[in-house]
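Enquirer: The structure that follows is given in the form of structure tokens.
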Amino acid sequence: PEGTKAVKQAAVAEMDRGFAVLDAALEGRDWLVGDRMSLADIYLVMLVAWYPDIDSARTAWPNIERLWARLRDHPLMKTLNTSHEMWPG
């Protein structure tokens, strides 16, 4: 439909703004909320995994990428990702 591309571009721009805020919030922190992994961390990484250009997202937000790496290596998350495919690899 006409206008679909513009809507997608606007949605990605909004995602960019939100992820930039969350990336800044992770500066100097291991986790998004508190001092241990929480559902907020898992949910954030899952949302970023759905970003249309995941490679650029992982470069644009280094603190989120750092969190993602930490979660990817966590034994529980490896098990969950195997069965639910929350993110690639």
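Chains: A, B, ... in order of the structure tokens. Residues: from 1 per chain. Ligands: from 1, in order shown.
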Leaving out range 35-37 of chain A and any residue of its chain fewer than 6 positions from it, which residues lie within 10 Å of it when counting only C-alpha atoms, given as a list in words?

Expert: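 Skipping anything fewer than 6 positions along the chain leaves Arg29, Leu67, Arg70, Leu71 and His74 of chain A.
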
Enquirer: Identify all residues of chain A in alpha helix (DSSP H) (DSSP on the backbone) and supply them as a ChimeraX atom specification.

Expert: /A:4-25,39-49,54-60,62-73,75-84

Enquirer: Hey, what's within 10 Å of Ala24 in chain A if we count only C-alpha atoms and toss same-chain stuff fewer than 6 positions away? As an MDAnalysis selection string, please?

Expert: chainID A and resid 61:64

Enquirer: If you count only C-alpha atoms, which residues fall within 12 Å of Asn81 in chain A, apart from same-chain ones fewer than 3 positions away, as a list in words?

Expert: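 Neighbouring residues, sequence-local ones excluded: Ile42, Val45, Met46, Ala49, Leu71, Arg72, Asp73, His74, Pro75, Leu76, Met77, Lys78, His84, Glu85, Met86, Trp87, Pro88 and Gly89 of chain A.
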
Enquirer: Those residues you just picked out, can you put them in a file as an mmCIF file, in the first residue's frame with N, CA and C atoms?

Expert:
```
data_model
loop_
_atom_site.group_PDB
_atom_site.id
_atom_site.type_symbol
_atom_site.label_atom_id
_atom_site.label_comp_id
_atom_site.auth_asym_id
_atom_site.auth_seq_id
_atom_site.Cartn_x
_atom_site.Cartn_y
_atom_site.Cartn_z
ATOM 1 N N ILE A 42 16.437 -9.185 29.106
ATOM 2 C CA ILE A 42 16.043 -10.192 28.119
ATOM 3 C C ILE A 42 15.126 -9.576 27.072
ATOM 4 N N VAL A 45 17.010 -7.158 24.631
ATOM 5 C CA VAL A 45 17.807 -7.862 23.632
ATOM 6 C C VAL A 45 16.908 -8.526 22.587
ATOM 7 N N MET A 46 15.781 -9.064 23.009
ATOM 8 C CA MET A 46 14.838 -9.666 22.074
ATOM 9 C C MET A 46 14.312 -8.612 21.089
ATOM 10 N N ALA A 49 16.916 -7.721 18.583
ATOM 11 C CA ALA A 49 17.077 -8.814 17.616
ATOM 12 C C ALA A 49 16.075 -8.710 16.475
ATOM 13 N N LEU A 71 24.214 -11.927 27.664
ATOM 14 C CA LEU A 71 23.049 -12.813 27.682
ATOM 15 C C LEU A 71 23.256 -14.029 26.791
ATOM 16 N N ARG A 72 23.856 -13.839 25.624
ATOM 17 C CA ARG A 72 24.105 -14.975 24.719
ATOM 18 C C ARG A 72 24.932 -16.047 25.403
ATOM 19 N N ASP A 73 25.861 -15.634 26.264
ATOM 20 C CA ASP A 73 26.756 -16.579 26.920
ATOM 21 C C ASP A 73 26.172 -17.184 28.194
ATOM 22 N N HIS A 74 25.051 -16.686 28.653
ATOM 23 C CA HIS A 74 24.435 -17.186 29.884
ATOM 24 C C HIS A 74 23.790 -18.552 29.601
ATOM 25 N N PRO A 75 24.068 -19.577 30.423
ATOM 26 C CA PRO A 75 23.532 -20.922 30.166
ATOM 27 C C PRO A 75 22.005 -20.966 30.026
ATOM 28 N N LEU A 76 21.298 -20.249 30.871
ATOM 29 C CA LEU A 76 19.836 -20.235 30.785
ATOM 30 C C LEU A 76 19.381 -19.659 29.447
ATOM 31 N N MET A 77 20.023 -18.579 29.018
ATOM 32 C CA MET A 77 19.617 -17.931 27.777
ATOM 33 C C MET A 77 19.948 -18.794 26.561
ATOM 34 N N LYS A 78 21.041 -19.536 26.625
ATOM 35 C CA LYS A 78 21.363 -20.451 25.528
ATOM 36 C C LYS A 78 20.259 -21.495 25.377
ATOM 37 N N HIS A 84 13.260 -21.240 21.698
ATOM 38 C CA HIS A 84 12.357 -20.145 21.309
ATOM 39 C C HIS A 84 12.900 -19.244 20.199
ATOM 40 N N GLU A 85 14.174 -19.417 19.833
ATOM 41 C CA GLU A 85 14.802 -18.626 18.769
ATOM 42 C C GLU A 85 14.523 -17.128 18.922
ATOM 43 N N MET A 86 14.901 -16.594 20.079
ATOM 44 C CA MET A 86 14.685 -15.173 20.360
ATOM 45 C C MET A 86 15.621 -14.290 19.550
ATOM 46 N N TRP A 87 16.793 -14.813 19.187
ATOM 47 C CA TRP A 87 17.747 -14.073 18.366
ATOM 48 C C TRP A 87 18.603 -15.076 17.603
ATOM 49 N N PRO A 88 19.228 -14.626 16.519
ATOM 50 C CA PRO A 88 20.043 -15.536 15.706
ATOM 51 C C PRO A 88 21.257 -16.047 16.464
ATOM 52 N N GLY A 89 21.618 -17.276 16.183
ATOM 53 C CA GLY A 89 22.842 -17.865 16.722
ATOM 54 C C GLY A 89 22.796 -18.000 18.170
#
```

Enquirer: Restricting the calculation to only C-alpha atoms, which member of A:Arg58, A:Ala69, A:Trp31, A:Tyr51 is positioned closest to Met15 in chain A?

Expert: A:Tyr51

Enquirer: Within 8 Å of Val12 in chain A, counting only C-alpha atoms, which residues qualify if same-chain residues fewer than 4 places away don't, as a ChimeraX atom specification?

Expert: /A:8,16,51-52

Enquirer: CA of Leu39 in chain A and CA of Glu65 in chain A, how far apart in Å?

Expert: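 Value for the CA of Glu65 in chain A-CA of Leu39 in chain A distance: 16.6 Å.
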
Enquirer: Measure the distance from CA of Trp50 in chain A to CA of Arg17 in chain A in Å and round it to one decimal.

Expert: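 Separating CA of Trp50 in chain A from CA of Arg17 in chain A is a distance of 15.5 Å.
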
Enquirer: Can you measure CA of Phe19 in chain A to CA of Leu44 in chain A for me? One decimal in Å is fine.

Expert: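 These atoms are spaced 8.7 Å apart.
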